[in-house]
Each structure stands twice: as structure tokens, then as C-alpha cells.
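Written below as C-alpha cells is the structure these notes are about.
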Amino acid sequence: MKLPSPRPPAEIPHPPRRAGRIEDHGLVGNGRTGALVDRDGSIDWMCLPRFDSAAAFTALLGSENHGMWRIGPAGPHGTAPPADGRRYLDGTLILESTWITSSGTIQLLDFMPFTEMDDVTQLVRIVKGVSGRVPMRSVLRARPGYGQAVPRLEIAGRRANVGLGDGRLWLDTDAPSRASGGDLISEFSVAKDEQLAFALAWQPGGDEPPPLPAPEGLLKQTEDYWAGWTAKSTYSGPRWEAVERSLITLKALQHGPTGGFVAAPTTSLPEEIGGERNWDYRYCWPRDSAMTVEALLSCGYGEEARAWIGWLRTAIGGRPENLQAIYRVDGSRELTEAELGWLPGFENSAPVRIGNGAAKQLQLDVYGEIVGALYAAQEHGPELAPVVAPIITNLVACLEILWEQPDEGIWEVRGPRRHFVHSKVMAWCAVDRAVRLIEDGRTDGPLQRWRELRDAIHQQVCERGYDEERNTFTQSYGSTELDVSLLQIVTTGFLPPDDKRVIGTVEAIQQELSTTGGFLLRYRTGGQVPGVDGLAGDEGTFLIGSGWLIVALCTIGRVDEAEILLESLLRIRSDLGLLAEEWDVQHQRQLGNFPQGFSHIAVIQAIRAVATARASQGRRIAAGVIGR
Ligand SMILES: OC[C@H]1O[C@H](O[C@H]2O[C@H](CO)[C@@H](O)[C@H](O)[C@H]2O)[C@H](O)[C@@H](O)[C@@H]1O
């Protein structure tokens, strides 16, 4: 469905979005929504009030006239130079950008308080003078409905507000401000030891203004929130800073009020620049969320898992046979896909899509991922067993009926259904975990029947999904193609690590799907001829595949190789430690939605796997089992 182009936004003489990269953005968030901040201090993307609401700042996918809010040193024609340095304050999601100008140095702190206030979303920006005096400018250009409309702007003293349909944005600042063509412009200067704050608040409904903000108090509250949160991590091994950054990023993708995790806070960042592989990730995939929960649990975060289980129970409801591949943040199911014709897309990568047609696909692997996460949750908190056991047994009962069907698989192909080997392996995994739960006396179920089911799936995969001649499992039954998801044969324990079919599959994937630097394609795309996924064009290397390969190599004892790949993966993170879904090996840039949960799961899993393997090597050396 293509939505008609509305009247173009009023032409205001401002340049288009500065040509930058996906990874030039920093993320701030409050567990309800997130905002992406470019190097020049421009908020190029922000959906309000929820991750899956319409964006009020959409410059990321169009021009500045589709909405942005920039604060930076005053440059020509309303621009600001890129910051000279950026970082997150340690262990937080508070972004600090520093500009060193000819007249002085200033810092901008961007953050979103995790607030208890129902339905209020705040974004606070504090400009601090470090030296000299720096002329600054703020240009707030809210454009509701993904850049469709120019709202009415009202200014009353130090408060301005704009209507956004079902809510209103309030901006509080002491900076002198004026309206210009639907923009709120504030020009001011900040000297050493001075500071000036801007606080933006979204509130539902009418005209009642929100309470006046206290930016310094909100900063302290946000610092304390993150200090308390990061202190709960149980991971203190090598590369813990990278683990911490990925954990914080995953936490930022969880919608606090419901417990649902979005796959990423963006839509339609392209998987190929100029291509059509542009999808909306601002929703909750049980698959992605389950993997996120496992990654968080592995570092001691149980509360997020509990909240997600609550979300899952709502989303699945009383009918697990109606499991969807994707839900909205609140667990609702309406995700009709549409194209926003008025947006040119990131670097002209059209279409820009909202909604996601993959929601209605059959994706059998999801059962395995959900059951895996629930199984891990009750291992982490045994009191959860009575809560998760009925969900597990219901899902496995569905799988009993469904598992022999072809499906669209983990990659949500838009080509014909196939018997994807990964889907069957994950189905095996779901049944296996259910059997273990029954064997351990943590729930009741048809033990013998499910043991037989588990064996039947295993046997079928080994007979129909394995290419004896090449000694590798294949993407789908009877195909000669490979798929990076086959690495989960190793990580799920479907076969023992020293099985020749396991080693053969790892090596075949390395040979056929590996590119420069060891980054892996998901599978081979067909260029202009639509391949297995039914789409024309190619894509970058898929970063969660790197995580799986690193874990697989550690599992089969090739830790040195794994560590080299881990270093490559860590090297391509942005200066802020963030990763999109994919990496373009040729142009050395990130691709796809950003930051993506999958890629940060990969970082956590890979670092932990290498650390565990190294520790076990150390123990074996100490015990004299292996030499130095
Ligand atoms: O490749 C085509 C599909 O791409 C998207 O799906 C991908 O992202 C999902 C969220 O991270 C992930 O669960 C899935 O495994 C990925 O393939 C897109 O959302 C789909 O609509 C599209 O068919």
C-alpha cells in the first residue's frame, strides 16, 4: 500500500540533511521511545510518544524539512559543524558532544529521563561552556506525521508548544526564542562555566502544560538510574566495557510499560544504499526479543526478562496457535505495511516503509527462540518455572502440528516457503527444552511422545537437510545453498561439537559466505535477479552471523580464529560503540536499522564465548591437561 504524497512541507531555506552515515548517530532513549542525534547536534529521528508512533523528526529519511532539532555552534545558513568529539558518560545513555571552536569549547549533554510520570516523554539538552564564549543556535523544526505537516507553533514566555495530533510538544528554555516559518529558533551564547538547558516534553491530549522541568535534577536522576542499572551486571570479564555498552543499548530497546523489545528504533535504514531492502523494525519480534532476553539473562538481568514474559503472555494471549512473527509494542497485532511516498529515504533509498508485512508469515524458528528464552529464564529464576511451563507446553503442542510445514524462516523471505533447515533445528530445540523441563519434574507433559517428536525432527533434518557429498547442512531441504543461520546447529547443541557434520558446516559457511575481514553474508543474494528471499539487489554482511560464528568457533575449539573475528566485529562499532544490522565491507560503513538488537546480542554472546573459552583453556593449562 502506497500512501499518497501530501502537500510538501513548506519550503524553508535550509540545506538538506548533511551527508552522513548511519553510524554517525548517537542514541538516547527513555524506555518508551528513542532519538538519534547526528554529529552536528541534530536530532534527525524521534517517534512520539512510542517507538512505533509516527516520527516528529524525520530528517534521517528525508531532508531537514521533514523535521529535526539541532543545537550546536552557530554556523552559516542555520548549520552547525560536526562535533569534535562524542562519548556516552560512563555506564549511561547520556550523550556528550564536544565542539572546539575558534572562540571557545562547549559541550552538549543529550538525555531522556526514565520517568515514572505516566505518558510524559522528555528529552533534555544541556549546553555547558568549557572555555571562551561560543555563539550557539537551536533550530527546533517539529514536523508531525513523519514530516508531513508544519504544525502551529505557540510561544508564551520561556515556553513554546506545538500540537502533534494526539499530543503536544512543550519546549522550555531560558534562551531567547522566536518563531520563523514553523521553526523555533533560539540564538544565544555560552561562556566558560555557564550553562543553558532545553527541555522538550511530549504529553498526551490538550492544552494543560506539563510541570516545569528541572534539567539538573533530571540529569542527576538519569545518571543515578543508569548507575543503578549497570551495577547489576554480573559480567566483569575481558572487554566488559563493550558488553556494558551493548547491554545498555538492549535495555534502551525495551518499552518499559509493556516489557516488549523493539528490534531497532528506526524504520527503513537501507540494507543496500539506494536499494529496496528497507524495513520497519520499530516492533516486537518474539524472535529478536527472546534472543535479547537470553543475552540480558547471561549478564544477570532478570527483571527485563520478567517484564518481557508479561508482554509475551499478553501478545500470545490464550491462543498460542495464533502466534504472530511480529507485534506492536503493546502486543497488538495490526502491522499493515505501507510506503511513505513523500520521503526520499536515507541517501535516496526508497521506499520508506512503515508496518511490516512479515508479521503474518509462518516462521517456525520463533517457537525455538521463545522456548529457549523461557527455559533460560526459569533456570535464572526457578520460581518462574510455573509461569513459563504452560507457555512452553502450549507452544510445543502447536509445533507438533506445524513443524512439517514449509515456512518463511528466520530471514522472513518474501519468496516461496521452503523447508528451512534452521527452522527445523529451532523446532527441535523447542521440543528438546520442553522434554528437559518435564524430565526435571518442572512441568507435566507427554514425555514419551515429545521425545519421539524430538527424535523425528532430528532424523528428518539429518536425512533431508544434510549434503553428504559436501559434508554440510544446507539452507533448505534439497538446496545447495548455505545459510549463516545453520551455525545455530552448533550453538543449540543439535549435534555435538566434534561431529564431522558440524565441523563441515562451519567450514563450508566460512568458505562460501565469508567476505573480507571474516564478515558473513546471511546467504547469497541474486543481484538484480530475485533470489531465495524474493527481493532484487544485494545487502551487506549480517552482523549477528559474526556472533554465531565466533560462538561456534569457540565451541569447536578454534578460539584464536574466534578472537580475530571478535576484534574485527568490535572494530567496526561506531565511536559510541553502536552497531546497525549490517556492515558494508566494500564501503566500510554500517547498513540497516540502527542500533539493532541483533548486532548487540552478537557482541555480548561473542565476547562471553571467547572469555569462557580462554578461561577454560587457562584452567586446562594450569591442570597440565594442555601445554602452553
Ligand atoms: O530480509 C527480509 C526481511 O527483513 C527484515 O527482517 C529482518 O529483521 C528482523 C528484525 O530484526 C529479523 O527478525 C529477521 O530475522 C530479519 O530477516 C524485515 O523486517 C522483514 O519484513 C523482511 O521480510
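By convention here, the chains of the C-alpha cells are called A, B, ... in the order presented, each chain's residues are numbered starting at 1, and ligands are numbered starting at 1 in the order presented.
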Problem set entry | Selection: 9 Å around A:Leu565, only C-alpha atoms, excl. self and same-chain fewer than 4 positions, as a list in words | Gly517, Gly518, Phe519, Ser546, Gly547, Leu549, Ile550, Asp560, Glu561, Leu569 and Leu570 of chain A
Go ahead and write the residues just picked, N, CA and C atoms, as a PDB file, in the first residue's frame.
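What follows is the written file part11.pdb:
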```pdb
ATOM      1  N   GLY A 517      37.672  -9.626   5.959  1.00  0.00           N
ATOM      2  CA  GLY A 517      37.595  -9.388   7.409  1.00  0.00           C
ATOM      3  C   GLY A 517      36.805 -10.465   8.130  1.00  0.00           C
ATOM      4  N   GLY A 518      36.353 -11.482   7.372  1.00  0.00           N
ATOM      5  CA  GLY A 518      35.626 -12.587   8.007  1.00  0.00           C
ATOM      6  C   GLY A 518      34.156 -12.304   8.235  1.00  0.00           C
ATOM      7  N   PHE A 519      33.651 -11.140   7.781  1.00  0.00           N
ATOM      8  CA  PHE A 519      32.224 -10.849   7.945  1.00  0.00           C
ATOM      9  C   PHE A 519      31.411 -11.724   6.993  1.00  0.00           C
ATOM     10  N   SER A 546      28.218 -12.953  12.519  1.00  0.00           N
ATOM     11  CA  SER A 546      29.578 -12.935  13.083  1.00  0.00           C
ATOM     12  C   SER A 546      29.550 -13.459  14.507  1.00  0.00           C
ATOM     13  N   GLY A 547      28.527 -13.033  15.259  1.00  0.00           N
ATOM     14  CA  GLY A 547      28.412 -13.507  16.646  1.00  0.00           C
ATOM     15  C   GLY A 547      28.268 -15.024  16.677  1.00  0.00           C
ATOM     16  N   LEU A 549      29.213 -17.173  14.442  1.00  0.00           N
ATOM     17  CA  LEU A 549      30.440 -17.850  14.015  1.00  0.00           C
ATOM     18  C   LEU A 549      31.467 -17.848  15.155  1.00  0.00           C
ATOM     19  N   ILE A 550      31.575 -16.729  15.835  1.00  0.00           N
ATOM     20  CA  ILE A 550      32.551 -16.648  16.931  1.00  0.00           C
ATOM     21  C   ILE A 550      32.194 -17.672  18.020  1.00  0.00           C
ATOM     22  N   ASP A 560      41.477 -19.049  18.784  1.00  0.00           N
ATOM     23  CA  ASP A 560      42.310 -17.979  18.200  1.00  0.00           C
ATOM     24  C   ASP A 560      41.587 -17.340  17.020  1.00  0.00           C
ATOM     25  N   GLU A 561      41.037 -18.203  16.160  1.00  0.00           N
ATOM     26  CA  GLU A 561      40.289 -17.700  15.000  1.00  0.00           C
ATOM     27  C   GLU A 561      39.111 -16.843  15.469  1.00  0.00           C
ATOM     28  N   LEU A 569      34.825  -7.479  14.666  1.00  0.00           N
ATOM     29  CA  LEU A 569      33.453  -7.053  14.975  1.00  0.00           C
ATOM     30  C   LEU A 569      33.484  -5.806  15.869  1.00  0.00           C
ATOM     31  N   LEU A 570      34.364  -5.821  16.851  1.00  0.00           N
ATOM     32  CA  LEU A 570      34.410  -4.683  17.779  1.00  0.00           C
ATOM     33  C   LEU A 570      34.943  -3.430  17.087  1.00  0.00           C
TER      34      LEU A 570
END
```
Exercise. Could you list, as an NGL selection string, all the residues within 9 Å of ligand 1, counting only C-alpha atoms and all ligand atoms?
Worked result: :A and (262-264 or 271 or 277-289 or 325-326 or 337 or 355-359 or 408-414 or 533-535 or 581 or 593 or 596-598)
For this session: Using DSSP on the backbone coordinates, identify the residues of stretch 368-613 of chain A assigned to alpha helix (DSSP H); present them as JSON, numbers by chain.
Result: {"A": [368, 369, 370, 371, 372, 373, 374, 375, 376, 377, 378, 379, 380, 385, 386, 387, 388, 389, 390, 391, 392, 393, 394, 395, 396, 397, 398, 399, 400, 401, 402, 421, 422, 423, 424, 425, 426, 427, 428, 429, 430, 431, 432, 433, 434, 435, 436, 437, 438, 439, 447, 448, 449, 450, 451, 452, 453, 454, 455, 456, 457, 458, 459, 460, 461, 462, 463, 464, 488, 489, 490, 491, 500, 501, 502, 503, 504, 505, 506, 507, 508, 509, 510, 511, 512, 513, 543, 544, 545, 546, 547, 548, 549, 550, 551, 552, 553, 554, 555, 559, 560, 561, 562, 563, 564, 565, 566, 567, 568, 569, 570, 571, 597, 598, 599, 600, 601, 602, 603, 604, 605, 606, 607, 608, 609, 610, 611, 612, 613]}
With C-alpha atoms retained, could you export that selection as a short mmCIF file (atom, residue, chain, number, x, y, z; two decimals), in the first residue's frame?
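Output file part-v6.cif is given in full below:
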```
data_model
loop_
_atom_site.label_atom_id
_atom_site.label_comp_id
_atom_site.auth_asym_id
_atom_site.auth_seq_id
_atom_site.Cartn_x
_atom_site.Cartn_y
_atom_site.Cartn_z
CA GLY A 368 12.51 -22.45 19.41
CA GLU A 369 13.73 -18.99 20.27
CA ILE A 370 10.84 -18.25 22.62
CA VAL A 371 11.09 -21.60 24.35
CA GLY A 372 14.87 -21.19 24.63
CA ALA A 373 14.48 -17.82 26.35
CA LEU A 374 11.74 -19.05 28.69
CA TYR A 375 13.85 -22.07 29.56
CA ALA A 376 16.81 -19.80 30.35
CA ALA A 377 14.55 -17.50 32.41
CA GLN A 378 13.39 -20.32 34.68
CA GLU A 379 16.97 -21.52 35.07
CA HIS A 380 17.87 -17.99 36.18
CA ALA A 385 9.01 -22.33 36.18
CA PRO A 386 5.24 -22.41 36.93
CA VAL A 387 4.79 -19.23 34.87
CA VAL A 388 6.75 -20.28 31.81
CA ALA A 389 5.95 -24.01 31.77
CA PRO A 390 2.39 -23.65 30.42
CA ILE A 391 3.60 -21.28 27.69
CA ILE A 392 6.30 -23.75 26.71
CA THR A 393 3.98 -26.74 26.64
CA ASN A 394 1.33 -24.83 24.67
CA LEU A 395 3.88 -23.71 22.09
CA VAL A 396 5.30 -27.20 21.71
CA ALA A 397 1.79 -28.59 21.30
CA CYS A 398 1.36 -26.16 18.36
CA LEU A 399 4.69 -27.12 16.92
CA GLU A 400 3.66 -30.76 16.99
CA ILE A 401 1.07 -29.86 14.35
CA LEU A 402 3.10 -27.29 12.40
CA VAL A 421 16.87 -26.32 7.96
CA HIS A 422 17.28 -23.62 10.59
CA SER A 423 13.52 -23.58 11.23
CA LYS A 424 13.50 -27.32 11.83
CA VAL A 425 16.59 -27.13 14.06
CA MET A 426 14.88 -24.49 16.18
CA ALA A 427 11.73 -26.61 16.28
CA TRP A 428 13.91 -29.44 17.57
CA CYS A 429 15.33 -27.03 20.14
CA ALA A 430 11.85 -26.10 21.42
CA VAL A 431 10.86 -29.74 21.86
CA ASP A 432 14.21 -30.59 23.43
CA ARG A 433 13.85 -27.88 26.09
CA ALA A 434 10.26 -28.95 26.83
CA VAL A 435 11.40 -32.56 27.24
CA ARG A 436 14.15 -31.47 29.63
CA LEU A 437 11.66 -29.46 31.66
CA ILE A 438 9.40 -32.48 32.02
CA GLU A 439 12.33 -34.78 32.79
CA LEU A 447 7.17 -37.05 27.78
CA GLN A 448 7.42 -40.12 25.61
CA ARG A 449 5.51 -38.58 22.71
CA TRP A 450 7.68 -35.48 22.75
CA ARG A 451 10.88 -37.50 22.99
CA GLU A 452 9.76 -39.27 19.84
CA LEU A 453 8.87 -35.94 18.23
CA ARG A 454 12.30 -34.58 19.07
CA ASP A 455 13.94 -37.64 17.51
CA ALA A 456 11.75 -37.45 14.42
CA ILE A 457 12.70 -33.82 13.77
CA HIS A 458 16.36 -34.60 14.34
CA GLN A 459 16.28 -37.54 11.98
CA GLN A 460 14.49 -35.62 9.24
CA VAL A 461 16.98 -32.73 9.40
CA CYS A 462 19.93 -35.09 9.23
CA GLU A 463 18.42 -37.00 6.31
CA ARG A 464 16.98 -34.16 4.23
CA GLN A 488 22.88 -22.50 15.32
CA ILE A 489 23.27 -26.23 14.82
CA VAL A 490 26.43 -25.74 16.88
CA THR A 491 25.12 -23.17 19.35
CA LYS A 500 32.11 -34.10 11.44
CA ARG A 501 28.89 -32.59 10.07
CA VAL A 502 29.22 -29.69 12.50
CA ILE A 503 32.84 -29.00 11.56
CA GLY A 504 31.96 -29.41 7.87
CA THR A 505 29.10 -26.91 8.10
CA VAL A 506 31.19 -24.30 9.93
CA GLU A 507 33.94 -24.63 7.33
CA ALA A 508 31.56 -24.55 4.38
CA ILE A 509 29.95 -21.37 5.71
CA GLN A 510 33.36 -19.80 6.20
CA GLN A 511 34.32 -20.67 2.64
CA GLU A 512 31.13 -19.68 0.87
CA LEU A 513 29.63 -16.85 2.90
CA LEU A 543 26.43 -8.96 11.97
CA ILE A 544 24.59 -11.45 14.12
CA GLY A 545 26.16 -14.06 11.84
CA SER A 546 29.58 -12.93 13.08
CA GLY A 547 28.41 -13.51 16.65
CA TRP A 548 27.20 -17.02 15.80
CA LEU A 549 30.44 -17.85 14.02
CA ILE A 550 32.55 -16.65 16.93
CA VAL A 551 30.49 -18.73 19.37
CA ALA A 552 30.62 -21.75 17.03
CA LEU A 553 34.41 -21.47 16.63
CA CYS A 554 34.83 -21.30 20.41
CA THR A 555 32.56 -24.34 20.78
CA VAL A 559 39.45 -19.84 19.92
CA ASP A 560 42.31 -17.98 18.20
CA GLU A 561 40.29 -17.70 15.00
CA ALA A 562 37.25 -16.63 17.01
CA GLU A 563 39.20 -13.92 18.78
CA ILE A 564 40.44 -12.43 15.49
CA LEU A 565 36.85 -12.22 14.25
CA LEU A 566 35.74 -10.73 17.55
CA GLU A 567 38.33 -7.98 17.19
CA SER A 568 37.01 -7.22 13.68
CA LEU A 569 33.45 -7.05 14.97
CA LEU A 570 34.41 -4.68 17.78
CA ARG A 571 36.46 -2.50 15.43
CA GLY A 597 19.34 -5.52 18.93
CA PHE A 598 20.62 -8.50 16.95
CA SER A 599 24.06 -6.95 16.44
CA HIS A 600 24.41 -6.03 20.11
CA ILE A 601 23.36 -9.53 21.11
CA ALA A 602 26.18 -10.73 18.86
CA VAL A 603 28.70 -8.54 20.70
CA ILE A 604 27.63 -9.87 24.11
CA GLN A 605 27.50 -13.51 23.05
CA ALA A 606 30.81 -13.35 21.20
CA ILE A 607 32.73 -11.64 24.00
CA ARG A 608 31.35 -14.05 26.59
CA ALA A 609 32.14 -17.08 24.42
CA VAL A 610 35.75 -16.04 23.87
CA ALA A 611 36.18 -15.16 27.55
CA THR A 612 34.74 -18.51 28.64
CA ALA A 613 36.86 -20.45 26.17
#
```
Any idea what's packed within 12 Å of A:Leu212, counting only C-alpha atoms, ignoring anything in its chain fewer than 5 positions away? Could you give it as a short mmCIF file (atom, residue, chain, number, x, y, z; two decimals) with C-alpha atoms, in the first residue's frame?
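Generated output (part-v9.cif):
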```cif
data_model
loop_
_atom_site.label_atom_id
_atom_site.label_comp_id
_atom_site.auth_asym_id
_atom_site.auth_seq_id
_atom_site.Cartn_x
_atom_site.Cartn_y
_atom_site.Cartn_z
CA GLN A 122 11.12 14.19 27.96
CA ARG A 158 10.01 30.79 28.08
CA ARG A 159 7.59 28.11 26.94
CA TRP A 170 6.38 21.60 25.04
CA LEU A 171 9.77 23.25 24.93
CA ASP A 172 11.14 25.06 27.94
CA THR A 173 14.28 27.16 27.72
CA PHE A 198 16.39 23.00 26.71
CA ALA A 199 13.73 20.55 27.86
CA LEU A 200 11.27 19.07 25.42
CA ALA A 201 8.26 17.21 26.78
CA GLY A 217 17.63 17.31 38.69
CA LEU A 218 16.63 15.26 35.67
#
```
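Pairwise distance (atom CA of A:Asp38, atom CA of A:Asp538) equals 26.8 Å.
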For this session: Write down as a VMD selection string the residues belonging to stretch 439-509 of chain A that are assigned strand (DSSP E or B) by DSSP computed on the backbone.
Result: chain A and resid 466 to 467 472 to 473 476
Residues of stretch 309-424 of chain A at most 12 Å from stretch 132-148 of chain A: nearest atom pair and distance in Å, only C-alpha atoms, as a tab-separated table:
```
residue	atom	partner	partner_atom	distance
A:Glu339	CA	A:Tyr146	CA	11.5
A:Leu340	CA	A:Tyr146	CA	8.4
A:Gly341	CA	A:Gln148	CA	10.4
A:Trp342	CA	A:Gln148	CA	7.7
A:Leu343	CA	A:Gly147	CA	8.0
A:Pro344	CA	A:Gly147	CA	11.3
A:Gly345	CA	A:Tyr146	CA	11.5
A:Val352	CA	A:Tyr146	CA	10.3
A:Arg353	CA	A:Tyr146	CA	11.1
A:Ile354	CA	A:Tyr146	CA	10.1
```
Export C-alpha atoms of the chosen residues as a PDB file, in the first residue's frame?
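Result file follows (again-v7.pdb):
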```
ATOM      1  CA  GLU A 339       5.099   3.118   1.905  1.00  0.00           C
ATOM      2  CA  LEU A 340       5.578   6.785   2.781  1.00  0.00           C
ATOM      3  CA  GLY A 341       5.776   8.256  -0.704  1.00  0.00           C
ATOM      4  CA  TRP A 342       6.804  11.733   0.411  1.00  0.00           C
ATOM      5  CA  LEU A 343      10.057  10.579   1.977  1.00  0.00           C
ATOM      6  CA  PRO A 344      13.025  10.002  -0.360  1.00  0.00           C
ATOM      7  CA  GLY A 345      14.677   7.638   2.112  1.00  0.00           C
ATOM      8  CA  VAL A 352      10.378   4.154   3.257  1.00  0.00           C
ATOM      9  CA  ARG A 353       8.075   1.610   4.856  1.00  0.00           C
ATOM     10  CA  ILE A 354       6.004   1.581   7.996  1.00  0.00           C
TER      11      ILE A 354
END
```
